[in-house]
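For reference, work_5.txt is printed below; it contains compact mmCIF, C-alpha atoms and all ligand atoms.
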# COMPACT_ATOMS: atom_id res chain seq x y z
CA MET A 1 -20.23 7.06 36.68
CA GLY A 2 -23.50 7.21 34.76
CA SER A 3 -25.62 4.34 33.66
CA ILE A 4 -26.61 2.46 30.55
CA THR A 5 -30.17 3.45 29.76
CA ALA A 6 -31.07 1.60 26.61
CA ALA A 7 -29.78 0.11 23.43
CA ALA A 8 -28.51 2.90 21.20
CA ASP A 9 -31.34 2.38 18.72
CA ALA A 10 -33.80 4.09 21.03
CA VAL A 11 -31.78 7.31 21.29
CA ILE A 12 -29.17 7.32 18.54
CA GLU A 13 -30.51 7.31 15.03
CA THR A 14 -29.51 5.01 12.21
CA ILE A 15 -29.40 6.75 8.83
CA ASP A 16 -29.98 4.92 5.57
CA LEU A 17 -27.64 6.47 2.99
CA SER A 18 -28.95 4.51 -0.01
CA ALA A 19 -31.22 7.28 -1.33
CA TYR A 20 -28.41 9.83 -1.06
CA LEU A 21 -25.99 7.54 -2.89
CA SER A 22 -28.30 6.35 -5.66
CA SER A 23 -30.59 9.30 -6.40
CA ASP A 24 -29.95 12.07 -8.91
CA ASP A 25 -32.71 14.13 -7.35
CA PRO A 26 -31.15 17.02 -5.36
CA ILE A 27 -34.20 17.20 -3.09
CA VAL A 28 -33.88 13.54 -2.11
CA ARG A 29 -30.15 13.91 -1.56
CA LYS A 30 -30.57 17.02 0.56
CA ALA A 31 -33.25 15.36 2.68
CA THR A 32 -30.90 12.49 3.61
CA ALA A 33 -28.00 14.88 4.17
CA ASP A 34 -30.22 16.91 6.52
CA ARG A 35 -31.24 13.82 8.50
CA LEU A 36 -27.60 12.81 8.82
CA VAL A 37 -26.48 16.23 10.03
CA GLN A 38 -29.43 16.49 12.41
CA ALA A 39 -28.59 13.11 13.98
CA LEU A 40 -24.93 14.07 14.33
CA HIS A 41 -25.78 17.50 15.74
CA LYS A 42 -27.86 15.84 18.43
CA GLN A 43 -25.60 12.98 19.46
CA GLY A 44 -22.20 13.34 17.74
CA GLY A 45 -22.77 9.88 16.30
CA CYS A 46 -25.23 7.70 14.41
CA GLY A 47 -25.63 4.29 12.84
CA LEU A 48 -25.17 4.01 9.07
CA VAL A 49 -26.80 1.53 6.70
CA GLY A 50 -27.20 1.62 2.92
CA HIS A 51 -23.61 2.88 2.79
CA GLY A 52 -22.47 0.71 -0.12
CA LEU A 53 -19.99 -1.52 1.71
CA THR A 54 -21.13 -5.09 1.24
CA LEU A 55 -21.75 -7.49 4.10
CA LYS A 56 -19.36 -9.86 2.33
CA ALA A 57 -16.54 -7.30 2.49
CA ILE A 58 -17.28 -6.53 6.15
CA HIS A 59 -17.28 -10.22 7.09
CA GLU A 60 -14.11 -10.88 5.15
CA ALA A 61 -12.35 -7.95 6.86
CA LEU A 62 -13.29 -9.29 10.29
CA THR A 63 -12.32 -12.87 9.38
CA ARG A 64 -8.95 -11.80 7.99
CA SER A 65 -8.38 -9.67 11.06
CA LYS A 66 -8.99 -12.73 13.26
CA GLU A 67 -6.53 -14.73 11.15
CA PHE A 68 -3.94 -12.02 11.69
CA PHE A 69 -4.38 -11.98 15.48
CA ASP A 70 -4.31 -15.80 15.58
CA LEU A 71 -0.68 -15.70 14.39
CA PRO A 72 1.96 -16.43 17.04
CA LEU A 73 3.02 -13.34 18.98
CA ASP A 74 6.60 -13.43 17.70
CA GLN A 75 5.30 -13.28 14.12
CA LYS A 76 3.12 -10.28 14.89
CA GLN A 77 6.03 -8.61 16.64
CA THR A 78 8.06 -8.67 13.42
CA ILE A 79 5.85 -5.77 12.29
CA ASN A 80 5.69 -3.89 15.59
CA HIS A 81 4.47 -0.32 15.64
CA PRO A 82 7.63 1.80 15.79
CA GLU A 83 8.62 3.55 18.97
CA GLY A 84 7.42 7.11 19.04
CA ILE A 85 4.39 8.56 17.38
CA LEU A 86 4.92 8.22 13.64
CA PRO A 87 4.50 6.42 11.38
CA HIS A 88 1.26 5.22 12.91
CA ARG A 89 1.61 1.76 11.38
CA GLY A 90 2.09 -1.78 12.57
CA TYR A 91 1.27 -4.08 15.45
CA SER A 92 0.80 -3.06 19.09
CA GLY A 93 0.54 -5.82 21.70
CA VAL A 94 -1.82 -5.94 24.65
CA SER A 95 -1.64 -2.85 26.89
CA ARG A 96 0.93 -1.02 24.77
CA GLU A 97 -1.58 1.72 24.12
CA LYS A 98 -3.27 3.33 27.07
CA ILE A 99 -5.93 5.77 26.05
CA ARG A 100 -5.78 8.67 28.43
CA VAL A 101 -8.95 9.69 30.19
CA TYR A 102 -9.29 13.43 29.55
CA THR A 103 -11.23 15.93 31.56
CA GLU A 104 -13.73 18.10 29.76
CA ASP A 105 -11.49 21.15 30.31
CA GLU A 106 -8.44 19.47 28.80
CA LEU A 107 -10.38 18.49 25.73
CA GLN A 108 -11.74 21.99 25.40
CA SER A 109 -8.40 23.71 25.68
CA MET A 110 -6.52 21.16 23.50
CA SER A 111 -3.19 22.47 24.72
CA GLY A 112 -0.85 22.61 27.68
CA GLU A 113 1.15 19.99 29.47
CA LEU A 114 -0.87 17.30 31.21
CA GLY A 115 0.14 16.27 34.71
CA ALA A 116 2.56 13.35 34.98
CA THR A 117 0.29 11.71 37.49
CA ALA A 118 -2.57 11.58 35.03
CA LYS A 119 -4.78 8.60 35.57
CA LYS A 120 -4.16 5.85 33.06
CA ALA A 121 -6.15 2.75 32.44
CA MET A 122 -5.00 -0.68 31.33
CA ASP A 123 -6.43 -1.29 27.86
CA TRP A 124 -6.91 -5.00 27.29
CA LYS A 125 -6.49 -5.09 23.53
CA GLU A 126 -4.03 -5.69 20.72
CA HIS A 127 -4.22 -3.86 17.42
CA TYR A 128 -2.69 -3.35 14.02
CA ASP A 129 -2.69 0.00 12.19
CA ILE A 130 -2.79 0.09 8.39
CA GLY A 131 -2.85 3.19 6.19
CA SER A 132 -3.46 3.78 2.53
CA ASP A 133 -0.84 2.50 0.10
CA TYR A 134 -1.23 5.84 -1.71
CA GLU A 135 0.09 7.80 1.26
CA PRO A 136 3.72 8.44 0.26
CA GLU A 137 5.28 9.36 3.61
CA HIS A 138 4.36 6.55 6.00
CA HIS A 139 4.81 2.99 4.84
CA ASN A 140 2.71 0.06 5.96
CA ARG A 141 4.24 -2.79 7.86
CA TRP A 142 2.90 -5.93 6.22
CA ILE A 143 3.18 -9.43 7.59
CA ASP A 144 5.06 -11.98 5.47
CA LYS A 145 2.79 -12.81 2.49
CA ALA A 146 3.34 -16.54 2.93
CA LEU A 147 1.76 -16.42 6.40
CA LEU A 148 -1.47 -14.75 5.31
CA PRO A 149 -2.00 -15.11 1.55
CA GLY A 150 -4.27 -12.42 0.14
CA PHE A 151 -4.27 -10.37 3.35
CA GLN A 152 -2.38 -7.36 1.98
CA PRO A 153 -4.36 -6.89 -1.28
CA PHE A 154 -7.64 -7.36 0.56
CA MET A 155 -6.83 -4.77 3.25
CA SER A 156 -5.46 -2.27 0.71
CA ASP A 157 -8.63 -2.57 -1.34
CA PHE A 158 -10.83 -2.38 1.77
CA ILE A 159 -9.18 0.93 2.73
CA THR A 160 -9.84 2.26 -0.79
CA GLN A 161 -13.53 1.32 -0.41
CA LEU A 162 -13.65 3.09 2.95
CA GLU A 163 -12.00 6.17 1.41
CA GLN A 164 -14.78 6.24 -1.18
CA LEU A 165 -17.35 6.00 1.60
CA HIS A 166 -15.70 8.77 3.63
CA THR A 167 -15.81 11.03 0.54
CA ASN A 168 -19.53 10.35 0.15
CA VAL A 169 -20.27 10.92 3.83
CA LEU A 170 -18.13 14.06 3.94
CA ASN A 171 -20.04 15.46 0.95
CA ALA A 172 -23.36 14.61 2.59
CA ILE A 173 -22.27 16.33 5.80
CA LEU A 174 -21.13 19.45 3.91
CA LEU A 175 -24.45 19.53 2.04
CA GLY A 176 -26.41 19.19 5.28
CA LEU A 177 -24.29 21.83 7.02
CA GLU A 178 -25.05 24.29 4.21
CA VAL A 179 -21.55 25.75 4.28
CA ASP A 180 -20.56 27.97 1.36
CA PRO A 181 -18.95 26.28 -1.68
CA ILE A 182 -15.48 27.76 -1.13
CA SER A 183 -15.31 26.57 2.49
CA ALA A 184 -16.70 23.19 1.43
CA ASP A 185 -14.01 22.81 -1.25
CA TYR A 186 -11.28 23.76 1.19
CA PHE A 187 -12.56 21.29 3.77
CA ARG A 188 -12.90 18.52 1.18
CA GLY A 189 -9.36 19.22 -0.02
CA LEU A 190 -8.01 18.56 3.45
CA HIS A 191 -9.23 14.98 3.19
CA THR A 192 -7.96 13.88 -0.21
CA HIS A 193 -4.39 13.05 0.76
CA HIS A 194 -4.86 9.45 1.90
CA ASN A 195 -4.05 10.24 5.53
CA SER A 196 -6.79 7.95 6.83
CA GLY A 197 -6.47 4.35 7.83
CA ILE A 198 -7.95 1.37 9.58
CA ARG A 199 -7.11 -0.24 12.85
CA LEU A 200 -7.71 -3.95 13.28
CA LEU A 201 -8.63 -4.40 16.92
CA HIS A 202 -8.79 -7.54 19.01
CA TYR A 203 -10.03 -7.54 22.57
CA PRO A 204 -9.01 -10.93 23.96
CA SER A 205 -11.31 -12.79 26.31
CA MET A 206 -10.41 -12.83 29.98
CA ARG A 207 -11.33 -14.76 33.08
CA GLU A 208 -14.01 -12.66 34.79
CA SER A 209 -12.70 -13.61 38.22
CA GLU A 210 -9.30 -12.15 37.29
CA ILE A 211 -10.45 -8.80 35.90
CA ASP A 212 -9.84 -5.76 38.06
CA ARG A 213 -12.67 -3.71 36.64
CA THR A 214 -11.45 -0.57 38.42
CA SER A 215 -8.29 -0.46 36.28
CA THR A 216 -8.90 -2.69 33.26
CA THR A 217 -11.11 -1.89 30.34
CA TRP A 218 -11.29 -2.66 26.66
CA CYS A 219 -11.13 1.06 25.97
CA PRO A 220 -11.99 3.91 28.40
CA ILE A 221 -14.08 6.97 27.61
CA HIS A 222 -12.48 9.05 24.87
CA THR A 223 -13.06 11.07 21.74
CA ASP A 224 -11.14 10.23 18.57
CA PHE A 225 -8.68 12.72 17.10
CA THR A 226 -10.25 12.40 13.67
CA THR A 227 -12.69 14.33 11.54
CA PHE A 228 -14.97 11.34 11.98
CA THR A 229 -14.64 7.61 12.47
CA PHE A 230 -16.50 4.64 11.01
CA LEU A 231 -16.73 1.67 13.34
CA ILE A 232 -17.16 -1.86 12.10
CA GLN A 233 -17.75 -4.46 14.78
CA ASP A 234 -18.38 -8.19 15.06
CA GLU A 235 -21.44 -9.64 16.81
CA ASN A 236 -20.06 -9.09 20.33
CA GLN A 237 -21.31 -6.19 22.37
CA GLY A 238 -18.82 -3.76 23.87
CA LEU A 239 -18.99 -0.36 22.16
CA GLU A 240 -20.98 2.29 24.00
CA ILE A 241 -21.73 5.83 22.84
CA GLU A 242 -22.59 8.72 25.11
CA ASP A 243 -26.22 9.77 25.10
CA ARG A 244 -25.74 13.52 25.00
CA THR A 245 -29.46 14.13 25.39
CA ASN A 246 -29.53 12.51 28.82
CA LYS A 247 -29.26 15.00 31.68
CA THR A 248 -27.27 12.54 33.81
CA PRO A 249 -23.60 13.01 32.90
CA ASN A 250 -21.73 9.99 31.55
CA THR A 251 -24.78 8.10 30.36
CA PHE A 252 -23.78 5.65 27.64
CA VAL A 253 -25.86 3.49 25.37
CA ALA A 254 -24.87 0.19 23.83
CA ALA A 255 -24.12 0.46 20.10
CA ASN A 256 -25.67 -2.90 19.52
CA PRO A 257 -24.27 -5.17 16.85
CA SER A 258 -27.59 -6.79 15.89
CA ILE A 259 -27.63 -5.32 12.34
CA PRO A 260 -24.57 -6.97 10.78
CA ASP A 261 -23.81 -4.40 8.08
CA ARG A 262 -24.48 -1.34 10.23
CA LEU A 263 -21.49 0.94 10.76
CA TRP A 264 -21.35 3.46 13.56
CA LEU A 265 -20.22 6.94 12.65
CA THR A 266 -18.73 9.08 15.40
CA ILE A 267 -17.57 12.69 15.08
CA GLY A 268 -13.99 13.28 16.25
CA ASP A 269 -12.12 16.30 17.65
CA PHE A 270 -11.38 17.81 14.24
CA GLY A 271 -14.98 17.44 13.09
CA GLU A 272 -16.14 19.27 16.21
CA ILE A 273 -13.66 22.13 15.86
CA TRP A 274 -14.27 22.66 12.16
CA THR A 275 -18.02 22.72 12.58
CA ASN A 276 -17.64 25.16 15.47
CA GLY A 277 -19.22 22.58 17.79
CA TYR A 278 -22.29 22.11 15.60
CA LEU A 279 -21.29 18.46 15.28
CA PRO A 280 -19.91 17.56 18.71
CA ALA A 281 -17.19 14.94 19.14
CA SER A 282 -18.72 11.68 20.35
CA ARG A 283 -17.49 10.34 23.67
CA HIS A 284 -17.46 6.59 23.54
CA ARG A 285 -15.89 3.60 25.27
CA VAL A 286 -15.63 -0.16 24.95
CA VAL A 287 -16.65 -2.13 28.02
CA ILE A 288 -15.84 -5.75 28.78
CA PRO A 289 -19.18 -7.53 28.92
CA ALA A 290 -19.58 -10.00 31.78
CA PRO A 291 -19.95 -13.67 30.76
CA LEU A 292 -23.58 -14.56 30.08
CA PRO A 293 -25.30 -15.80 33.23
CA GLY A 294 -25.86 -19.54 32.98
CA SER A 295 -23.33 -19.91 30.17
CA GLY A 296 -21.24 -22.15 32.41
CA THR A 297 -18.07 -20.21 31.71
CA ASP A 298 -16.05 -17.65 33.61
CA MET A 299 -14.58 -16.32 30.34
CA THR A 300 -15.69 -13.03 28.81
CA SER A 301 -16.19 -12.92 25.05
CA ASN A 302 -13.50 -12.19 22.53
CA ARG A 303 -14.24 -9.15 20.36
CA TYR A 304 -13.01 -7.86 16.99
CA SER A 305 -13.67 -4.41 15.59
CA ILE A 306 -12.28 -2.21 12.82
CA PRO A 307 -12.38 1.56 13.14
CA TYR A 308 -11.60 3.66 10.07
CA PHE A 309 -10.15 6.96 11.20
CA LEU A 310 -10.77 9.86 8.80
CA ASN A 311 -7.73 12.09 9.21
CA PRO A 312 -7.17 15.46 7.58
CA ARG A 313 -3.76 16.27 6.13
CA HIS A 314 -1.34 16.86 8.94
CA ASP A 315 -0.31 20.33 7.78
CA GLY A 316 -3.97 21.45 7.69
CA ILE A 317 -5.08 24.29 9.93
CA LEU A 318 -7.84 23.69 12.45
CA GLU A 319 -10.25 26.59 12.37
CA PRO A 320 -14.03 26.69 12.81
CA LEU A 321 -16.03 27.19 9.62
CA GLY A 322 -17.89 30.48 9.80
CA THR A 323 -20.69 29.71 7.36
CA GLY A 324 -23.88 27.68 7.21
CA LYS A 325 -25.03 25.85 10.35
CA PRO A 326 -21.62 26.13 12.09
CA ALA A 327 -22.10 29.93 12.02
CA THR A 328 -25.15 29.55 14.27
CA MET A 329 -22.96 28.34 17.14
CA PRO A 330 -21.32 30.72 19.65
CA ARG A 331 -18.01 32.12 18.38
CA ASP A 332 -14.49 31.88 19.86
CA ARG A 333 -14.90 28.48 21.48
CA TYR A 334 -11.96 26.95 19.62
CA LYS A 335 -8.43 28.15 19.09
CA LYS A 336 -6.83 27.98 15.65
CA MET A 337 -4.13 25.27 15.49
CA LYS A 338 -2.28 22.85 13.21
CA VAL A 339 -3.70 19.34 12.78
CA ARG A 340 -0.25 17.88 13.43
CA ASP A 341 0.08 19.69 16.78
CA HIS A 342 -3.21 18.29 18.02
CA ILE A 343 -2.30 14.76 16.91
CA GLU A 344 1.06 14.97 18.66
CA PHE A 345 -0.57 16.33 21.79
CA ARG A 346 -3.03 13.43 21.93
CA MET A 347 -0.62 10.69 20.94
CA LYS A 348 2.06 11.68 23.39
CA TYR A 349 -0.14 10.31 26.14
CA GLN A 350 -1.33 7.26 24.31
CA TYR A 351 1.72 5.11 23.73
CA THR A 352 3.67 3.37 26.45
CA ASP A 353 7.18 2.02 26.30
CA PRO A 354 6.92 -1.33 24.42
CA THR A 355 9.45 -2.92 26.78
CA LYS A 356 7.19 -2.39 29.78
O1 LIG B 1 -13.73 -1.23 19.31
C1 LIG B 1 -14.55 -0.34 19.13
O2 LIG B 1 -15.73 -0.61 18.84
C2 LIG B 1 -14.19 1.11 19.30
C3 LIG B 1 -12.73 1.40 19.30
C4 LIG B 1 -12.42 2.85 19.47
O3 LIG B 1 -13.23 3.62 19.92
C5 LIG B 1 -11.11 3.38 19.04
O4 LIG B 1 -10.21 2.59 18.72
O5 LIG B 1 -10.95 4.62 19.04
FE FE B 2 -12.65 5.66 19.53

Please rewrite the model in this file as structure tokens.
Ligand SMILES: O=C(O)CCC(=O)C(=O)O
Ligand SMILES: [Fe+2]
Amino acid sequence: MGSITAAADAVIETIDLSAYLSSDDPIVRKATADRLVQALHKQGGCGLVGHGLTLKAIHEALTRSKEFFDLPLDQKQTINHPEGILPHRGYSGVSREKIRVYTEDELQSMSGELGATAKKAMDWKEHYDIGSDYEPEHHNRWIDKALLPGFQPFMSDFITQLEQLHTNVLNAILLGLEVDPISADYFRGLHTHHNSGIRLLHYPSMRESEIDRTSTTWCPIHTDFTTFTFLIQDENQGLEIEDRTNKTPNTFVAANPSIPDRLWLTIGDFGEIWTNGYLPASRHRVVIPAPLPGSGTDMTSNRYSIPYFLNPRHDGILEPLGTGKPATMPRDRYKKMKVRDHIEFRMKYQYTDPTK
């Protein structure tokens, strides 16, 4: 197990997108796109400010998320995530999802049957998955309107705002990667089908003296099976991103929440494969911070976060782009495969029987 060296700010860059979003000058836009791609090439992740989402919207999303999780358990269970993999919608109670800890080789090969004895961790969290209302195949599971007035329209609109942001960031990445226009159009087209969504996450507080830290975590080391992910978090520390520049394996840095409207952007498996490894998938985790010394309490903090998972269309084909900066990477590292197959492979190991 590596160590935590520093707050992420020292080693993982934060990119201000405002010039890219507001300028008509192609030189200014390209300069920001280059900085973004450079930061992602180095670390697989970066902070984002000047992204256009307002602090008000971010706060409201976190507040409404808290209101949702404050509902009695039996109410939340009326919109349980279905058994099986799809649709990926609805409520999952504490420890229903166990994110599998993958070895480097398994992640590289992306195929094959994993051993039944695979190590699993207890994830101390509850969450609620919501997709776009414009996605025709998988329907959202909304809580009774009378219990949370305004919740549904707010969340639907918030997802639409995040879709707009993902389009902007995707375009900036494609510009910075300097891929040819036909490849860029194809890649863009894979992300216009409203397959993305948010996950409201709540990590409940626990009594420090009762935590078995060898088997319980808020979320163990993993990569996301996305093109990329935006992470919105409250003021409580927990998220840590791997410092890929550190020679000691498994060195993570705290993605500190001190800038309230900063999002964290992490590249996922699909982003890595498509860019032929030029943008590596970010390994990250969420640790349970110990109670503050001298705080007089044995309870750890409660934490809320909202990832937005940018998903390509499920019938898309995963194949490394052979132009621009991705073409500078060694060839034949990634096998061609269907997006859906990779999602099924990853999710098979993620969900546990809800009755257990
Ligand atoms: O809670 C967070 O900050 C990160 C959650 C995460 O990595 C995930 O759900 O994939
Ligand atoms: Fe993640």

query: Hey, which of A:Arg333, A:Arg340, A:Arg35, A:Arg303 ends up closest to A:Val287? Count all atoms listed in the file.
result: A:Arg303

- request: Kindly provide, as a PyMOL selection string, all nucleotide and amino acid residues lying within 6 Å of ligand LIG 1 (chain B), counting only C-alpha atoms and all ligand atoms.
  value: chain A and resi 224+233+239+285-286+305

message: Can you work out which residues are within 8 Å of ligand FE 2 (chain B), considering all atoms listed in the file, and then hand them over as a VMD selection string?
response: chain A and resid 222 to 224 229 283 to 285 307

Would you be able to write out as a short mmCIF file (atom, residue, chain, number, x, y, z; two decimals) with C-alpha atoms, in the coordinates of the input which residues have an atom within 8 Å of (-3.4, 14.2, 9.7) in the file's coordinates, counting all atoms listed in the file?
data_model
loop_
_atom_site.label_atom_id
_atom_site.label_comp_id
_atom_site.auth_asym_id
_atom_site.auth_seq_id
_atom_site.Cartn_x
_atom_site.Cartn_y
_atom_site.Cartn_z
CA ASN A 195 -4.05 10.24 5.53
CA SER A 196 -6.79 7.95 6.83
CA ASN A 311 -7.73 12.09 9.21
CA PRO A 312 -7.17 15.46 7.58
CA ARG A 313 -3.76 16.27 6.13
CA HIS A 314 -1.34 16.86 8.94
CA ASP A 315 -0.31 20.33 7.78
CA GLY A 316 -3.97 21.45 7.69
CA VAL A 339 -3.70 19.34 12.78
CA ARG A 340 -0.25 17.88 13.43
CA ILE A 343 -2.30 14.76 16.91
#

task: Quick one: residues within 9 Å of (-17.0, -12.0, 36.6) (file frame), counting only C-alpha atoms, please, as a PyMOL selection string.
output: chain A and resi 207-211+290-291+298-300

message: Give me, as a list in words, all polymer residues having an atom no more than 10 Å from A:Leu174, counting all atoms listed in the file and skipping those fewer than 6 positions away in the same chain.
response: Ala33, Asp34, Val37, Asn168, Asp180, Pro181, Ser183, Ala184, Asp185, Phe187, Arg188, Thr275, Gly324 and Lys325 of chain A

field: Selected residue, from A:Pro320, A:Leu147, A:Ala327, A:Leu190, that lies nearest to A:Asp70 when counting all atoms listed in the file
entry: A:Leu147

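Between atom CA of A:Phe69 and atom CA of A:Tyr203 lies a distance of 10.1 Å.
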
query: Which neighbours of A:Glu163 fall inside 12 Å, counting all atoms listed in the file, when residues of the same chain fewer than 5 positions from it are skipped, and could you give them as an MDAnalysis selection string?
result: chainID A and resid 52:53 131:134 156:158 168:170 191:198 229:230 308:311

field: Interatomic distance, atom CA of A:Leu148 to atom CA of A:Asp129 (Å, one decimal)
entry: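 If I compute the distance from atom CA of A:Leu148 to atom CA of A:Asp129, I get 16.3 Å.
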
query: atom CA of A:Ser18 and atom CA of A:Phe270 are how many Å apart?
result: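 Atom CA of A:Phe270 lies 26.2 Å from atom CA of A:Ser18.
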
field: Proximity to A:Glu272 - best of A:Met155, A:Leu36, A:Leu321, A:Ile241, only C-alpha atoms
entry: A:Leu321

message: Residues within 7 Å of A:Gly45, please, as a ChimeraX atom specification. Count only C-alpha atoms; anything in the same chain fewer than 4 positions from it doesn't count.
response: /A:40,265-267,282

query: Smallest atom-to-atom distance to A:Ile12: which of A:Asp212, A:Glu242, A:Asp74, A:Asp144, using only C-alpha atoms?
result: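 The shortest atom-to-atom distance to A:Ile12 comes from A:Glu242.
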
message: Here is a test: counting all atoms listed in the file, which residue of A:Ile259, A:Val28, A:Leu21, A:Ile130 is nearest to A:Ile143?
response: A:Ile130

- request: Excluding A:Pro289 and any residue of its chain fewer than 3 positions from it, enumerate the residues within 9 Å of it, using all atoms listed in the file, and give them as a PyMOL selection string.
  value: chain A and resi 236-238+292+300-301

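The nearest approach to A:Cys219 among the residues A:Glu126, A:Asp24, A:Asp9, A:Glu137, with only C-alpha atoms taken into account, belongs to A:Glu126.
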
Just need stretch 257-320 of chain A in a file, please: C-alpha atoms, as a compact mmCIF listing (two decimals), in the first residue's frame.
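The result, stored in out-v4.txt:
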# COMPACT_ATOMS: atom_id res chain seq x y z
CA PRO A 257 -12.67 19.90 -1.63
CA SER A 258 -11.46 23.38 -0.66
CA ILE A 259 -12.59 25.04 -3.93
CA PRO A 260 -16.37 24.59 -3.76
CA ASP A 261 -17.16 24.72 -7.48
CA ARG A 262 -14.19 22.64 -8.61
CA LEU A 263 -15.10 19.38 -10.35
CA TRP A 264 -12.64 16.55 -10.72
CA LEU A 265 -12.37 14.98 -14.14
CA THR A 266 -11.09 11.41 -14.34
CA ILE A 267 -10.50 9.40 -17.52
CA GLY A 268 -12.26 6.01 -17.57
CA ASP A 269 -11.56 2.69 -19.30
CA PHE A 270 -13.18 3.71 -22.59
CA GLY A 271 -11.29 7.01 -22.70
CA GLU A 272 -8.02 5.12 -22.23
CA ILE A 273 -8.74 2.54 -24.92
CA TRP A 274 -9.96 5.04 -27.49
CA THR A 275 -6.96 7.29 -27.00
CA ASN A 276 -4.67 4.27 -27.27
CA GLY A 277 -3.48 4.91 -23.72
CA TYR A 278 -2.55 8.54 -24.41
CA LEU A 279 -5.09 9.51 -21.75
CA PRO A 280 -4.74 6.80 -19.09
CA ALA A 281 -7.69 5.73 -16.94
CA SER A 282 -7.41 7.30 -13.50
CA ARG A 283 -7.20 4.94 -10.55
CA HIS A 284 -8.97 6.48 -7.62
CA ARG A 285 -10.57 5.53 -4.31
CA VAL A 286 -12.61 7.03 -1.51
CA VAL A 287 -11.17 6.60 1.97
CA ILE A 288 -12.99 7.01 5.26
CA PRO A 289 -11.27 9.89 7.03
CA ALA A 290 -10.62 9.35 10.73
CA PRO A 291 -12.51 11.69 13.09
CA LEU A 292 -10.59 14.92 13.68
CA PRO A 293 -8.28 14.62 16.67
CA GLY A 294 -9.66 16.63 19.57
CA SER A 295 -13.13 16.81 18.01
CA GLY A 296 -14.52 14.89 20.97
CA THR A 297 -16.33 12.42 18.77
CA ASP A 298 -15.68 8.86 17.68
CA MET A 299 -17.85 9.37 14.57
CA THR A 300 -16.35 9.77 11.10
CA SER A 301 -17.86 12.40 8.83
CA ASN A 302 -20.80 11.86 6.55
CA ARG A 303 -20.00 12.51 2.88
CA TYR A 304 -22.05 13.26 -0.24
CA SER A 305 -20.75 13.21 -3.79
CA ILE A 306 -22.20 13.12 -7.30
CA PRO A 307 -20.28 11.50 -10.12
CA TYR A 308 -21.49 12.05 -13.69
CA PHE A 309 -20.49 9.06 -15.78
CA LEU A 310 -19.97 9.82 -19.48
CA ASN A 311 -20.98 6.63 -21.25
CA PRO A 312 -20.72 5.94 -24.96
CA ARG A 313 -23.61 4.21 -26.73
CA HIS A 314 -23.67 0.59 -25.71
CA ASP A 315 -23.48 -0.75 -29.26
CA GLY A 316 -20.33 1.34 -29.94
CA ILE A 317 -17.11 -0.43 -30.81
CA LEU A 318 -14.06 0.10 -28.63
CA GLU A 319 -11.04 0.63 -30.82
CA PRO A 320 -7.99 2.88 -30.35
